[in-house]
>>> print(open('protein-v1.cif').read())   # mmCIF, C-alpha atoms
data_entry
#
loop_
_atom_site.label_atom_id
_atom_site.label_comp_id
_atom_site.auth_asym_id
_atom_site.auth_seq_id
_atom_site.Cartn_x
_atom_site.Cartn_y
_atom_site.Cartn_z
CA MET A 1316 -19.12 6.47 -54.32
CA GLU A 1317 -17.80 7.10 -57.86
CA ARG A 1318 -19.31 10.60 -57.77
CA ILE A 1319 -17.47 11.31 -54.52
CA VAL A 1320 -14.20 10.09 -56.04
CA ILE A 1321 -14.60 12.44 -59.01
CA GLU A 1322 -15.44 15.35 -56.70
CA GLU A 1323 -12.35 14.64 -54.61
CA LEU A 1324 -10.24 14.47 -57.76
CA ALA A 1325 -11.54 17.87 -58.84
CA ALA A 1326 -10.67 19.25 -55.39
CA ALA A 1327 -7.15 17.77 -55.60
CA ILE A 1328 -6.60 19.38 -58.99
CA GLU A 1329 -7.78 22.71 -57.60
CA ARG A 1330 -5.28 22.59 -54.72
CA ARG A 1331 -2.51 21.31 -57.02
CA GLU A 1332 -2.14 17.95 -55.29
CA PRO A 1333 -1.06 15.05 -57.55
CA ALA A 1334 -3.27 11.97 -57.54
CA VAL A 1335 -4.00 8.85 -59.56
CA LEU A 1336 -7.49 7.84 -60.64
CA ALA A 1337 -7.71 4.03 -60.76
CA THR A 1338 -10.70 2.71 -62.73
CA VAL A 1339 -11.86 -0.85 -63.29
CA VAL A 1340 -12.22 -1.03 -67.10
CA ARG A 1341 -12.75 -4.76 -67.68
CA THR A 1342 -13.91 -7.69 -65.61
CA ASP A 1343 -14.32 -11.40 -66.31
CA ARG A 1344 -16.16 -13.92 -64.14
CA SER A 1345 -16.26 -13.32 -60.39
CA VAL A 1346 -14.50 -10.13 -59.20
CA PRO A 1347 -14.96 -7.80 -56.19
CA ARG A 1348 -16.07 -4.67 -58.14
CA ARG A 1349 -17.81 -3.99 -61.42
CA ALA A 1350 -16.38 -2.10 -64.39
CA GLY A 1351 -16.48 1.63 -63.75
CA SER A 1352 -15.55 1.36 -60.06
CA LYS A 1353 -13.02 4.02 -59.12
CA MET A 1354 -10.42 4.74 -56.47
CA LEU A 1355 -8.34 7.86 -55.97
CA VAL A 1356 -4.76 7.37 -54.76
CA PHE A 1357 -2.65 10.23 -53.40
CA ALA A 1358 1.13 10.49 -53.23
CA ASP A 1359 1.15 9.80 -49.49
CA GLY A 1360 -0.80 6.55 -49.97
CA ARG A 1361 -4.22 7.86 -48.94
CA THR A 1362 -7.12 6.47 -50.92
CA ILE A 1363 -10.73 7.39 -51.55
CA GLY A 1364 -13.11 4.80 -52.98
CA THR A 1365 -12.27 1.17 -53.71
CA VAL A 1366 -11.54 -1.15 -56.61
CA GLY A 1367 -11.88 -4.33 -54.62
CA GLY A 1368 -9.94 -4.17 -51.37
CA GLY A 1369 -7.43 -6.67 -50.03
CA ALA A 1370 -4.15 -7.59 -51.64
CA MET A 1371 -5.22 -6.44 -55.09
CA GLU A 1372 -6.01 -2.94 -53.87
CA HIS A 1373 -2.67 -2.80 -52.10
CA ARG A 1374 -0.95 -3.60 -55.38
CA VAL A 1375 -2.99 -0.91 -57.09
CA THR A 1376 -1.67 1.69 -54.62
CA LEU A 1377 1.91 0.59 -55.38
CA GLU A 1378 1.29 0.81 -59.12
CA ALA A 1379 -0.26 4.24 -58.60
CA ALA A 1380 2.90 5.44 -56.89
CA GLN A 1381 4.90 4.39 -59.96
CA ALA A 1382 2.41 6.09 -62.27
CA LEU A 1383 2.86 9.32 -60.30
CA ALA A 1384 6.64 9.02 -60.38
CA GLU A 1385 6.62 8.59 -64.16
CA GLY A 1386 3.70 10.90 -64.85
CA LYS A 1387 2.30 8.33 -67.28
CA PRO A 1388 -0.91 6.23 -67.27
CA ARG A 1389 -0.79 2.47 -67.17
CA LEU A 1390 -3.14 -0.49 -67.61
CA VAL A 1391 -2.68 -3.34 -65.13
CA ALA A 1392 -4.29 -6.79 -65.34
CA TYR A 1393 -4.92 -9.01 -62.31
CA ASP A 1394 -6.01 -12.65 -62.13
CA LEU A 1395 -7.81 -13.54 -58.91
CA VAL A 1396 -7.46 -17.31 -58.94
CA ASP A 1397 -4.54 -18.76 -57.01
CA PRO A 1398 -2.73 -16.73 -54.29
CA SER A 1399 -0.11 -19.47 -54.02
CA THR A 1400 1.15 -18.43 -57.45
CA GLY A 1401 1.08 -14.73 -56.63
CA ASP A 1402 -2.51 -13.82 -57.53
CA PRO A 1403 -3.95 -11.09 -55.27
CA GLY A 1404 -7.20 -12.96 -54.53
CA VAL A 1405 -9.31 -16.09 -54.92
CA CYS A 1406 -12.51 -14.74 -56.50
CA GLY A 1407 -11.94 -16.78 -59.64
CA GLY A 1408 -12.05 -13.94 -62.17
CA SER A 1409 -9.79 -11.32 -63.72
CA VAL A 1410 -9.83 -7.55 -63.83
CA ASP A 1411 -8.09 -4.76 -65.75
CA ILE A 1412 -7.50 -1.46 -63.98
CA TYR A 1413 -6.54 1.76 -65.77
CA MET A 1414 -4.46 4.19 -63.73
CA GLU A 1415 -4.42 7.81 -64.82
CA PRO A 1416 -2.10 10.24 -63.02
CA PHE A 1417 -3.29 13.81 -62.63
CA MET A 1418 -0.27 16.03 -62.16
CA PRO A 1419 -0.64 19.68 -61.15
CA THR A 1420 0.05 22.22 -63.87
CA PRO A 1421 3.68 23.26 -63.32
CA VAL A 1422 4.31 26.79 -62.12
CA LEU A 1423 7.03 28.82 -63.82
CA PHE A 1424 8.07 31.52 -61.35
CA ILE A 1425 9.85 34.31 -63.22
CA VAL A 1426 12.01 36.78 -61.31
CA GLY A 1427 12.13 39.93 -63.43
CA GLY A 1428 9.42 41.47 -65.58
CA GLY A 1429 11.59 43.05 -68.26
CA HIS A 1430 11.50 42.20 -71.96
CA VAL A 1431 12.88 38.68 -71.46
CA GLY A 1432 10.70 37.94 -68.45
CA LYS A 1433 7.59 39.00 -70.36
CA ALA A 1434 8.54 36.87 -73.38
CA VAL A 1435 9.23 33.85 -71.11
CA ALA A 1436 5.83 34.23 -69.44
CA GLU A 1437 3.95 34.46 -72.73
CA LEU A 1438 5.69 31.40 -74.18
CA ALA A 1439 5.36 29.46 -70.92
CA LYS A 1440 1.61 30.00 -70.86
CA TRP A 1441 1.32 28.73 -74.43
CA LEU A 1442 3.37 25.66 -73.44
CA GLY A 1443 1.01 24.77 -70.59
CA PHE A 1444 2.82 26.24 -67.58
CA ARG A 1445 1.26 28.57 -65.02
CA PRO A 1446 3.57 31.60 -65.32
CA THR A 1447 4.03 33.95 -62.40
CA ILE A 1448 6.15 37.08 -62.75
CA TRP A 1449 7.57 38.80 -59.69
CA ASP A 1450 9.26 42.17 -59.98
CA ASP A 1451 10.09 44.69 -57.28
CA ARG A 1452 9.13 47.57 -59.60
CA GLU A 1453 5.45 48.17 -58.90
CA ASP A 1454 5.01 50.51 -61.88
CA LEU A 1455 6.32 47.82 -64.24
CA VAL A 1456 3.98 45.20 -62.76
CA THR A 1457 1.07 47.61 -63.24
CA GLU A 1458 2.06 48.04 -66.87
CA LEU A 1459 2.37 44.28 -67.42
CA ALA A 1460 -1.09 43.74 -65.93
CA GLN A 1461 -2.56 45.08 -69.17
CA ASP A 1462 -1.37 41.95 -70.99
CA ASP A 1463 -3.76 39.02 -70.43
CA ALA A 1464 -1.25 36.57 -71.96
CA ILE A 1465 1.22 36.82 -69.10
CA GLY A 1466 -0.41 35.10 -66.12
CA THR A 1467 -0.04 35.97 -62.45
CA LEU A 1468 1.81 39.16 -61.48
CA LEU A 1469 3.33 39.83 -58.08
CA THR A 1470 5.36 42.62 -56.51
CA GLY A 1471 6.45 43.61 -53.03
CA ASP A 1472 8.46 41.27 -50.81
CA ALA A 1473 10.04 38.44 -52.84
CA GLY A 1474 9.90 36.02 -49.92
CA VAL A 1475 6.17 36.57 -49.51
CA ALA A 1476 5.65 36.07 -53.25
CA LEU A 1477 7.60 32.81 -53.27
CA ASN A 1478 5.70 31.58 -50.24
CA GLU A 1479 2.43 32.40 -51.98
CA ALA A 1480 3.54 30.43 -55.05
CA SER A 1481 4.11 27.27 -52.90
CA LEU A 1482 6.64 25.86 -55.35
CA THR A 1483 7.11 22.09 -55.55
CA ALA A 1484 9.61 19.82 -57.28
CA ASN A 1485 7.26 19.95 -60.27
CA ASP A 1486 7.83 23.70 -60.66
CA ALA A 1487 10.62 25.89 -62.01
CA VAL A 1488 12.18 29.29 -61.27
CA VAL A 1489 13.61 31.45 -64.05
CA MET A 1490 15.67 34.40 -62.83
CA VAL A 1491 16.04 37.10 -65.47
CA SER A 1492 16.55 40.00 -63.09
CA ARG A 1493 18.33 43.24 -63.94
CA ASN A 1494 21.42 43.16 -61.68
CA VAL A 1495 23.64 41.24 -59.27
CA THR A 1496 22.25 43.03 -56.22
CA LEU A 1497 18.78 41.65 -56.89
CA ASP A 1498 20.16 38.18 -57.65
CA VAL A 1499 22.01 38.08 -54.33
CA GLU A 1500 18.85 39.12 -52.52
CA VAL A 1501 16.48 36.66 -54.22
CA VAL A 1502 18.60 33.55 -54.90
CA PRO A 1503 18.72 32.45 -51.22
CA LEU A 1504 14.92 32.79 -51.05
CA VAL A 1505 14.54 30.69 -54.21
CA LEU A 1506 16.89 28.02 -52.87
CA GLY A 1507 14.67 27.85 -49.79
CA THR A 1508 11.84 26.49 -51.96
CA ASP A 1509 11.37 22.98 -53.36
CA ALA A 1510 11.56 24.17 -56.98
CA GLY A 1511 12.86 21.39 -59.21
CA TYR A 1512 14.64 23.76 -61.58
CA VAL A 1513 16.38 27.07 -60.87
CA GLY A 1514 17.92 29.00 -63.77
CA LEU A 1515 19.82 32.29 -63.65
CA MET A 1516 20.45 34.57 -66.62
CA GLY A 1517 23.71 36.46 -66.98
CA SER A 1518 27.28 36.27 -68.20
CA ILE A 1519 29.91 34.00 -66.67
CA ARG A 1520 31.55 37.05 -65.11
CA ARG A 1521 28.25 38.19 -63.58
CA TRP A 1522 27.69 34.72 -62.14
CA GLN A 1523 31.20 34.67 -60.63
CA THR A 1524 30.42 37.93 -58.85
CA THR A 1525 27.02 36.68 -57.72
CA ARG A 1526 28.40 33.36 -56.52
CA SER A 1527 31.16 35.05 -54.53
CA LYS A 1528 28.65 37.25 -52.73
CA LEU A 1529 26.32 34.30 -52.07
CA GLU A 1530 29.19 32.28 -50.58
CA GLU A 1531 29.97 35.20 -48.30
CA LEU A 1532 26.37 34.90 -47.10
CA GLY A 1533 26.83 31.19 -46.35
CA ALA A 1534 25.69 29.48 -49.56
CA THR A 1535 27.21 26.01 -50.01
CA ASP A 1536 28.44 24.11 -53.06
CA LEU A 1537 25.26 22.02 -52.83
CA ASP A 1538 23.19 25.21 -53.02
CA MET A 1539 25.15 26.37 -56.06
CA SER A 1540 24.73 23.03 -57.81
CA ARG A 1541 20.98 23.64 -58.03
CA ILE A 1542 21.47 26.71 -60.19
CA HIS A 1543 21.61 26.42 -63.98
CA THR A 1544 23.63 29.30 -65.37
CA PRO A 1545 24.02 30.76 -67.89
CA ILE A 1546 20.37 29.85 -68.32
CA GLY A 1547 19.06 28.34 -71.55
CA LEU A 1548 20.27 26.18 -74.39
CA GLU A 1549 22.95 27.71 -76.60
CA ILE A 1550 21.15 28.62 -79.85
CA ASN A 1551 22.81 32.01 -80.42
CA ALA A 1552 19.59 33.69 -79.31
CA GLU A 1553 19.47 37.48 -79.48
CA THR A 1554 15.90 38.80 -79.21
CA PRO A 1555 13.81 38.40 -76.01
CA GLU A 1556 11.59 35.91 -77.84
CA GLU A 1557 14.57 33.82 -78.99
CA ILE A 1558 16.03 33.90 -75.48
CA ALA A 1559 12.64 32.75 -74.12
CA ILE A 1560 12.72 29.76 -76.48
CA SER A 1561 16.24 28.92 -75.30
CA ILE A 1562 15.18 29.13 -71.63
CA LEU A 1563 11.97 27.13 -71.98
CA ALA A 1564 13.77 24.47 -74.01
CA GLU A 1565 16.15 23.93 -71.09
CA VAL A 1566 13.31 23.92 -68.54
CA ILE A 1567 11.40 21.33 -70.57
CA GLY A 1568 14.53 19.25 -71.09
CA HIS A 1569 15.14 19.23 -67.35
CA ARG A 1570 11.54 18.15 -66.68
CA ARG A 1571 11.67 15.37 -69.27
CA GLY A 1572 15.08 14.08 -68.24
CA GLY A 1573 16.77 15.34 -71.39
#
>>> encode(input="protein-v1.cif", output="structure tokens")
Amino acid sequence: MERIVIEELAAAIERREPAVLATVVRTDRSVPRRAGSKMLVFADGRTIGTVGGGAMEHRVTLEAAQALAEGKPRLVAYDLVDPSTGDPGVCGGSVDIYMEPFMPTPVLFIVGGGHVGKAVAELAKWLGFRPTIWDDREDLVTELAQDDAIGTLLTGDAGVALNEASLTANDAVVMVSRNVTLDVEVVPLVLGTDAGYVGLMGSIRRWQTTRSKLEELGATDLDMSRIHTPIGLEINAETPEEIAISILAEVIGHRRGG
């Protein structure tokens, strides 16, 4: 069974589905499962494998949900002696269970493959993101394809590209496009995703123009509130590489609750 659990975990990682691996790491006296027993818990409550069943296993699934929400592992101890005092069983022993969340590698979807977009992608890959650049200029995408440090490259229809990326709340969109026209075209498509962070590069005046046009298209104040602009932390950045640092610092801060 443990082999099956590990295989299912590998499959979940491949399809970018978050899950928690719960492992019995210590037992004392009589307990339902031995040390090394494993159970996989998904965000929707599905489980594969078992660490003992019953009330204890139910509590494990609740703890797993918290581990996923925080993105941090935890060690939980259970005594299985007296249910009348809150113990999840009557086996007479105790057990420690280690819960390790496996979160999908966050995607950083970059709209615009110019100098800044390229620098953002290279830094994002180094920081552990899965960068994806989309640009409507096919010749530019072909040129960028020569750089192995960038990540995934897409062109063509922006809506198709965003759909292919399957963005979740764990992912981010960085818009460093070349003009307002492209922003107005792509922003509504981005807001139609579940991306947890959406940042837009440009001056305050450019954003005012973009916002006005988006509102004419039906965008609401709630839609606008999702957009971070001007994108990046203010560090007086000038070069594409410095701007990339500013942008990624804000993305990371948003992910970490900073």
>>> residues_near_point(input="protein-v1.cif", point="(24.7, 24.3, -64.1)", cutoff="12 Å", atoms="only C-alpha atoms", output="number ranges by chain")
A: 1512-1516, 1519, 1522, 1536-1548, 1565, 1569
>>> resolve_selection(input="protein-v1.cif", expression="the PyMOL selection byres ((chain A and resi 1476-1482) around 12)", output="ChimeraX atom specification")
/A:1330-1332,1419-1426,1445-1451,1467-1475,1483-1488,1501-1513
>>> write_last_selection(input="protein-v1.cif", atoms="C-alpha atoms", output="compact mmCIF listing (two decimals), in the coordinates of the input")
# COMPACT_ATOMS: atom_id res chain seq x y z
CA ARG A 1330 -5.28 22.59 -54.72
CA ARG A 1331 -2.51 21.31 -57.02
CA GLU A 1332 -2.14 17.95 -55.29
CA PRO A 1419 -0.64 19.68 -61.15
CA THR A 1420 0.05 22.22 -63.87
CA PRO A 1421 3.68 23.26 -63.32
CA VAL A 1422 4.31 26.79 -62.12
CA LEU A 1423 7.03 28.82 -63.82
CA PHE A 1424 8.07 31.52 -61.35
CA ILE A 1425 9.85 34.31 -63.22
CA VAL A 1426 12.01 36.78 -61.31
CA ARG A 1445 1.26 28.57 -65.02
CA PRO A 1446 3.57 31.60 -65.32
CA THR A 1447 4.03 33.95 -62.40
CA ILE A 1448 6.15 37.08 -62.75
CA TRP A 1449 7.57 38.80 -59.69
CA ASP A 1450 9.26 42.17 -59.98
CA ASP A 1451 10.09 44.69 -57.28
CA THR A 1467 -0.04 35.97 -62.45
CA LEU A 1468 1.81 39.16 -61.48
CA LEU A 1469 3.33 39.83 -58.08
CA THR A 1470 5.36 42.62 -56.51
CA GLY A 1471 6.45 43.61 -53.03
CA ASP A 1472 8.46 41.27 -50.81
CA ALA A 1473 10.04 38.44 -52.84
CA GLY A 1474 9.90 36.02 -49.92
CA VAL A 1475 6.17 36.57 -49.51
CA THR A 1483 7.11 22.09 -55.55
CA ALA A 1484 9.61 19.82 -57.28
CA ASN A 1485 7.26 19.95 -60.27
CA ASP A 1486 7.83 23.70 -60.66
CA ALA A 1487 10.62 25.89 -62.01
CA VAL A 1488 12.18 29.29 -61.27
CA VAL A 1501 16.48 36.66 -54.22
CA VAL A 1502 18.60 33.55 -54.90
CA PRO A 1503 18.72 32.45 -51.22
CA LEU A 1504 14.92 32.79 -51.05
CA VAL A 1505 14.54 30.69 -54.21
CA LEU A 1506 16.89 28.02 -52.87
CA GLY A 1507 14.67 27.85 -49.79
CA THR A 1508 11.84 26.49 -51.96
CA ASP A 1509 11.37 22.98 -53.36
CA ALA A 1510 11.56 24.17 -56.98
CA GLY A 1511 12.86 21.39 -59.21
CA TYR A 1512 14.64 23.76 -61.58
CA VAL A 1513 16.38 27.07 -60.87
>>> resolve_selection(input="protein-v1.cif", expression="the PyMOL selection byres ((chain A and resi 1352) around 8)", output="ChimeraX atom specification")
/A:1317,1338-1339,1348-1351,1353-1354,1365-1366
>>> residues_near_point(input="protein-v1.cif", point="(0.2, 6.2, -48.2)", cutoff="12 Å", atoms="only C-alpha atoms", output="MDAnalysis selection string")
chainID A and resid 1334 1355:1363 1373 1375:1377 1379:1380
>>> resolve_selection(input="protein-v1.cif", expression="the PyMOL selection byres ((chain A and resi 1427-1432) around 9)", output="PyMOL selection string")
chain A and resi 1425-1426+1433-1437+1448-1452+1455-1456+1459+1468+1489-1493+1554-1556+1558-1559
>>> atom_distance(input="protein-v1.cif", atom1="CA of Gln1461 in chain A", atom2="CA of Asp1498 in chain A")
26.4 Å
>>> atom_distance(input="protein-v1.cif", atom1="CA of Ile1567 in chain A", atom2="CA of Ala1464 in chain A")
19.9 Å
>>> atom_distance(input="protein-v1.cif", atom1="CA of Gly1408 in chain A", atom2="CA of Arg1374 in chain A")
16.6 Å
>>> closest_residue(input="protein-v1.cif", among="A:Gly1572, A:Thr1457, A:Phe1417, A:Ile1319", to="Gly1364 in chain A", atoms="all atoms listed in the file")
A:Ile1319
>>> residues_around(input="protein-v1.cif", residues="Arg1389 in chain A", least_positions_apart="2", cutoff="9 Å", atoms="all atoms listed in the file", output="number ranges by chain")
A: 1378-1379, 1382, 1387, 1391, 1412-1416
>>> closest_residue(input="protein-v1.cif", among="A:Ile1328, A:Val1340, A:Ala1460, A:Leu1383", to="Ser1409 in chain A", atoms="all atoms listed in the file")
A:Val1340
>>> closest_residue(input="protein-v1.cif", among="A:Ala1337, A:Leu1497, A:Ser1527, A:Asp1411", to="Val1320 in chain A", atoms="all atoms listed in the file")
A:Ala1337
>>> build_atoms(input="protein-v1.cif", residues="range 1334-1353 of chain A", atoms="N, CA and C atoms", output="PDB file, in the frame of the given file")
ATOM      1  N   ALA A1334      -2.480  13.147 -57.924  1.00  0.00           N
ATOM      2  CA  ALA A1334      -3.270  11.970 -57.540  1.00  0.00           C
ATOM      3  C   ALA A1334      -3.430  11.072 -58.755  1.00  0.00           C
ATOM      4  N   VAL A1335      -3.757   9.815 -58.495  1.00  0.00           N
ATOM      5  CA  VAL A1335      -4.000   8.850 -59.560  1.00  0.00           C
ATOM      6  C   VAL A1335      -5.432   8.356 -59.465  1.00  0.00           C
ATOM      7  N   LEU A1336      -6.136   8.392 -60.583  1.00  0.00           N
ATOM      8  CA  LEU A1336      -7.490   7.840 -60.640  1.00  0.00           C
ATOM      9  C   LEU A1336      -7.394   6.426 -61.200  1.00  0.00           C
ATOM     10  N   ALA A1337      -7.722   5.437 -60.351  1.00  0.00           N
ATOM     11  CA  ALA A1337      -7.710   4.030 -60.760  1.00  0.00           C
ATOM     12  C   ALA A1337      -9.139   3.608 -61.074  1.00  0.00           C
ATOM     13  N   THR A1338      -9.358   3.082 -62.289  1.00  0.00           N
ATOM     14  CA  THR A1338     -10.700   2.710 -62.730  1.00  0.00           C
ATOM     15  C   THR A1338     -10.715   1.279 -63.243  1.00  0.00           C
ATOM     16  N   VAL A1339     -11.658   0.506 -62.772  1.00  0.00           N
ATOM     17  CA  VAL A1339     -11.860  -0.850 -63.290  1.00  0.00           C
ATOM     18  C   VAL A1339     -12.458  -0.718 -64.688  1.00  0.00           C
ATOM     19  N   VAL A1340     -11.743  -1.194 -65.717  1.00  0.00           N
ATOM     20  CA  VAL A1340     -12.220  -1.030 -67.100  1.00  0.00           C
ATOM     21  C   VAL A1340     -12.663  -2.332 -67.740  1.00  0.00           C
ATOM     22  N   ARG A1341     -12.296  -3.468 -67.145  1.00  0.00           N
ATOM     23  CA  ARG A1341     -12.750  -4.760 -67.680  1.00  0.00           C
ATOM     24  C   ARG A1341     -12.793  -5.786 -66.582  1.00  0.00           C
ATOM     25  N   THR A1342     -13.819  -6.589 -66.575  1.00  0.00           N
ATOM     26  CA  THR A1342     -13.910  -7.690 -65.610  1.00  0.00           C
ATOM     27  C   THR A1342     -14.309  -8.970 -66.337  1.00  0.00           C
ATOM     28  N   ASP A1343     -13.937 -10.107 -65.761  1.00  0.00           N
ATOM     29  CA  ASP A1343     -14.320 -11.400 -66.310  1.00  0.00           C
ATOM     30  C   ASP A1343     -14.581 -12.359 -65.155  1.00  0.00           C
ATOM     31  N   ARG A1344     -15.726 -12.991 -65.163  1.00  0.00           N
ATOM     32  CA  ARG A1344     -16.160 -13.920 -64.140  1.00  0.00           C
ATOM     33  C   ARG A1344     -16.290 -13.193 -62.789  1.00  0.00           C
ATOM     34  N   SER A1345     -16.006 -13.877 -61.719  1.00  0.00           N
ATOM     35  CA  SER A1345     -16.260 -13.320 -60.390  1.00  0.00           C
ATOM     36  C   SER A1345     -15.119 -12.391 -59.950  1.00  0.00           C
ATOM     37  N   VAL A1346     -15.473 -11.117 -59.667  1.00  0.00           N
ATOM     38  CA  VAL A1346     -14.500 -10.130 -59.200  1.00  0.00           C
ATOM     39  C   VAL A1346     -15.163  -9.258 -58.138  1.00  0.00           C
ATOM     40  N   PRO A1347     -14.387  -8.582 -57.283  1.00  0.00           N
ATOM     41  CA  PRO A1347     -14.960  -7.800 -56.190  1.00  0.00           C
ATOM     42  C   PRO A1347     -15.790  -6.599 -56.638  1.00  0.00           C
ATOM     43  N   ARG A1348     -15.373  -5.892 -57.716  1.00  0.00           N
ATOM     44  CA  ARG A1348     -16.070  -4.670 -58.140  1.00  0.00           C
ATOM     45  C   ARG A1348     -16.348  -4.711 -59.630  1.00  0.00           C
ATOM     46  N   ARG A1349     -17.409  -4.042 -60.013  1.00  0.00           N
ATOM     47  CA  ARG A1349     -17.810  -3.990 -61.420  1.00  0.00           C
ATOM     48  C   ARG A1349     -16.955  -2.989 -62.195  1.00  0.00           C
ATOM     49  N   ALA A1350     -17.055  -3.075 -63.534  1.00  0.00           N
ATOM     50  CA  ALA A1350     -16.380  -2.100 -64.390  1.00  0.00           C
ATOM     51  C   ALA A1350     -16.945  -0.710 -64.100  1.00  0.00           C
ATOM     52  N   GLY A1351     -16.066   0.269 -64.060  1.00  0.00           N
ATOM     53  CA  GLY A1351     -16.480   1.630 -63.750  1.00  0.00           C
ATOM     54  C   GLY A1351     -16.189   2.025 -62.313  1.00  0.00           C
ATOM     55  N   SER A1352     -15.897   1.062 -61.450  1.00  0.00           N
ATOM     56  CA  SER A1352     -15.550   1.360 -60.060  1.00  0.00           C
ATOM     57  C   SER A1352     -14.243   2.147 -60.034  1.00  0.00           C
ATOM     58  N   LYS A1353     -14.162   3.119 -59.130  1.00  0.00           N
ATOM     59  CA  LYS A1353     -13.020   4.020 -59.120  1.00  0.00           C
ATOM     60  C   LYS A1353     -12.417   4.156 -57.728  1.00  0.00           C
TER      61      LYS A1353
END
